[in-house]
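Shown next, in structure tokens, is the structure this report addresses.
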Amino acid sequence: MRTRPPQPLWSGLAGSAAAVALVIGPGEYARPVLAGLLMGLLPGLALLAAGAFPFRPRLTGVAIVLSLCVTVLASTAFAYAGIREWEATVGALGAVCALAAVVGLLRGRAR
Amino acid sequence: MTTTPRRIAWSVVVVGSAAACAYGLLEVSRIPSQDFGDLGLGPELPPEYWACLVGLNVLVLLAWRLAAPLWASVPLMTSLIVLVYGAGPVLSELPRGATTYRHLGIAEAVGSRPLDTDFDAYFNWPGFFAGLSSLTEASGVDPLELARWAPVANMLIWAVALAGCYAVFGLGRRTTLLAVWLFVVANWIDQDYLSPQAFAFAGYLVFLTLLAGPLGAFRSIPVHWRDWPHMRGLRHADESAQRRVAALMLVVVVTAAVTVSHQLTPVVLLMGAGALLLVRRLAVPTLPVTVGVIVLLWLLFGAKPYLEGHPPLAGLLQGEVPAGADQRLGGSEGHHLVSLVRLAITGSVLGLAALGVIRGWRRHDLDGRLVLLTGAPFLMLPLQSYGGEMVMRVVLFSLPGACALAAVALSPRRTSERWWPRQGTLACAVLLPVLAAACVVTRYGNTAFDVFSRNELAAIRQVPAVVPPGSVVVAAATEAIPWAEVDYLDYERRRLSDICGQVWTSRACADELLHRADVHAGHGGITVVLTDRQRTALRMLRGIPGKEYDALERRLAALAGPDETWGTGTAVRLYHLSPRRNP
């Protein structure tokens with residue numbers, strides 16, 4: 001299979017920005033959209049990008065489910081730790097996105 | 001080169017599909033009554049809805065026949081999913097199915113109180129509920145509204161994940177689209193509501209995608225057992241080592257999330273990985289071991305409180321016969337008929353899949369992985385102690401492979417990108433509308449008791465405030481009561497069948513309830529919640545006559561007395577049986 005150039009870092013950065021915006025407190029209509037993107041799409045896209053998977057429409061399902069998996073794992077960890085604030089999960093997701101962006105950036109430089 | 005008239009024809013088809021979907025749902029919203037018969041929603045649906053459903057299935061064939069671009073299939077598929085799976089949310093302003101309410105209650109409890117792993121099994125696999133709690137709180141969306149539309153959202157996610165999965169299994173684009181379409185119209189199982197299993201099923205599809213894609217291998221020599229586990233002669237399907245390492249990590253993430261969320265699906269993950277290893281199409285032979293270790297660690301540590309009280313396979317070893325499987329075929333005539341249609345759908349898809357195996361074999365085009373993935377879930381049938389729902393779960397997990405093989409049966413080749421010959425088109429023209437109609441009838445076959453009104457929900461929410469402290473609350477049919485939505489941990493709930501058995505008489509059951517109130521219910525006694533929908537559910541599912549239910553209610557009213565009876569004459573009645581001082 002031909003190796004394609006790495007995906008831009010927009011998904012990781014967008015995920016981190018969405019997490020920050022959610023915690024700051026967006027408007028009534030923006031909140032569900034931001035939460036949906038953060039918990040159901042962007043972390044998965046960022047992780048795929050960090051893993052050198054070039055984005056293709058067929059990977060959309062993988063990205064969505066991966067994001068949900070990361071949300072589930074973060075929420076479960078906080079539930080066991082006794083931390084019940086949703087901001088913790090949102091922060092963790094933002095951190096995952098930021099980390100994926102950094103990995104992507106380092107990989108891009110190495111290339 | 002695409003001609004302008006053909007482009008206009010695609011556009012008409014796409015717009016027509018959206019219009020059919022909108023018009024069909026508009027007709028559903030006009031259905032006035034919530035009093036459904038034993039056949040459920042099907043007989044109440046107006047002819048216009050059926051015309052839209054059939055029209056949509058004809059339109060997609062027309063689009064494919066016109067060699068429409070693949071993007072045109074997206075609105076068509078979306079319209080189909082919304083028309084079939086959106087009928088429930090449009091019909092009722094509340095989520096369908098009693099289990100949904102219980103799941104909302106667990107999510108609320110997990111998100112707002114310390115995690116009590118000793119409470120019940122759900123709290124030993126809390127992953128999905130913790131995630132759901134975070135999602136509802138972060139988004140600010142009403143959980144009831146989220147649950148109401150969950151079937152549509154889940155099916156959309158499944159369809160997208162399934163398309164990606166089929167692509168890595170080497171199905172051509174046209175065959176992939178037909179396979180996903182078949183999955184959408186053959187999925188009568190109704191496990192796509194707001195539930196851990198719906199999330200875990202999506203995880204299973206992605207797990208397969210990663211295993212068959214970046215972690216897959218080309219088989220270059222025939223399988224010989226003496227080679228195993230060295231896996232000699234394999235080539236990696238993905239040449240990028242970096243992607244393989246990343247995919248391995250993503251598999252661990254998916255496995256962990258599924259394992260902390262659902263009891264059964266990790267077993268299916270193991271089976272899927274084992275099946276791919278068996279046909280030597282997995283580039284990492286140790287991956288099933290990794291999956292097994294994750295599952296085992298969770299069982300040993302995360303689910304320890306539950307497993308200490310419920311040793312795995314204990315019921316099986318003791319020869320217990322679980323309730324549920326036979327019950328799904330029994331009951332009233334209408335329910336029996338709906339169950340037969342469900343069997344017919346599954347039989348048709350499995351029959352077509354068998355045809356696909358034969359055709360693929362003859363064309364030297366058969367993918368053994370699909371055959372194994374279709375068959376492997378049937379190995380779970382002996383685990384019937386899983387609430388009697390194992391048959392449904394097995395059908396759900398075998399459906400992706402079966403639909404792929406069925407699509408292969410209708411296609412010229414598995415990897416074909418071109419359109420089918422006339423015979424394939426004609427077969428689809430008959431098969432798809434019939435399956436879609438049968439899917440609607442069977443999915444909504446229980447609407448007589450699994451659709452609730454605002455009044456019922458409001459009354460059920462009052463239960464904790466009414467019942468005496470410490471009282472065990474008993475429901476006649478838990479399939480038909482939207483309880484525990486906001487008060488999951490507040491009182492102890494039981495099913496009447498746990499106390500009186502699956503089939504009972506009013507006299508014996510009332511005596512047994514009184515006895516339990518004395519012996520087992522501490523100081524609080526027993527409170528029985530009876531509703532009209534439970535009466536319908538018992539008649540439809542277990543064949544308990546309505547007059548027997550009424551007789552039980554009269555006996556309970558006499559035993560409880562007017563001081564400990566609430567809601568007389570309303571949709572939800574409560575009868576409290578206090579422990580007698582000298583029983």
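Chain labels follow the order of the structure tokens: the first chain is A, the next B, and so on; residue numbering restarts at 1 in every chain, and ligands are counted from 1 in their shown order.
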
Could you list the residues in chain B lying within 8 Å of chain A, using only C-alpha atoms, and format the result as a ChimeraX atom specification?
/B:110-115,126-128,130-135,137-141,157-158,160-164,167,202-203,206,209,238-240,242-243,245-247,250,253-254,256-258,260

Gly375 of chain B environment, 9 Å, only C-alpha atoms, sequence neighbours closer than 5 positions dropped, as a PyMOL selection string:
chain B and resi 370+398+401-402

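Comparing A:Ala92, A:Ala14, A:Ala98, A:Leu9 by their smallest distance to Leu41 of chain A, the closest is A:Ala14 (using only C-alpha atoms).
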
Atomic separation - atom CA of Ala458 of chain B relative to atom CA of Arg554 of chain B, Å
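The value is 24.1 Å.
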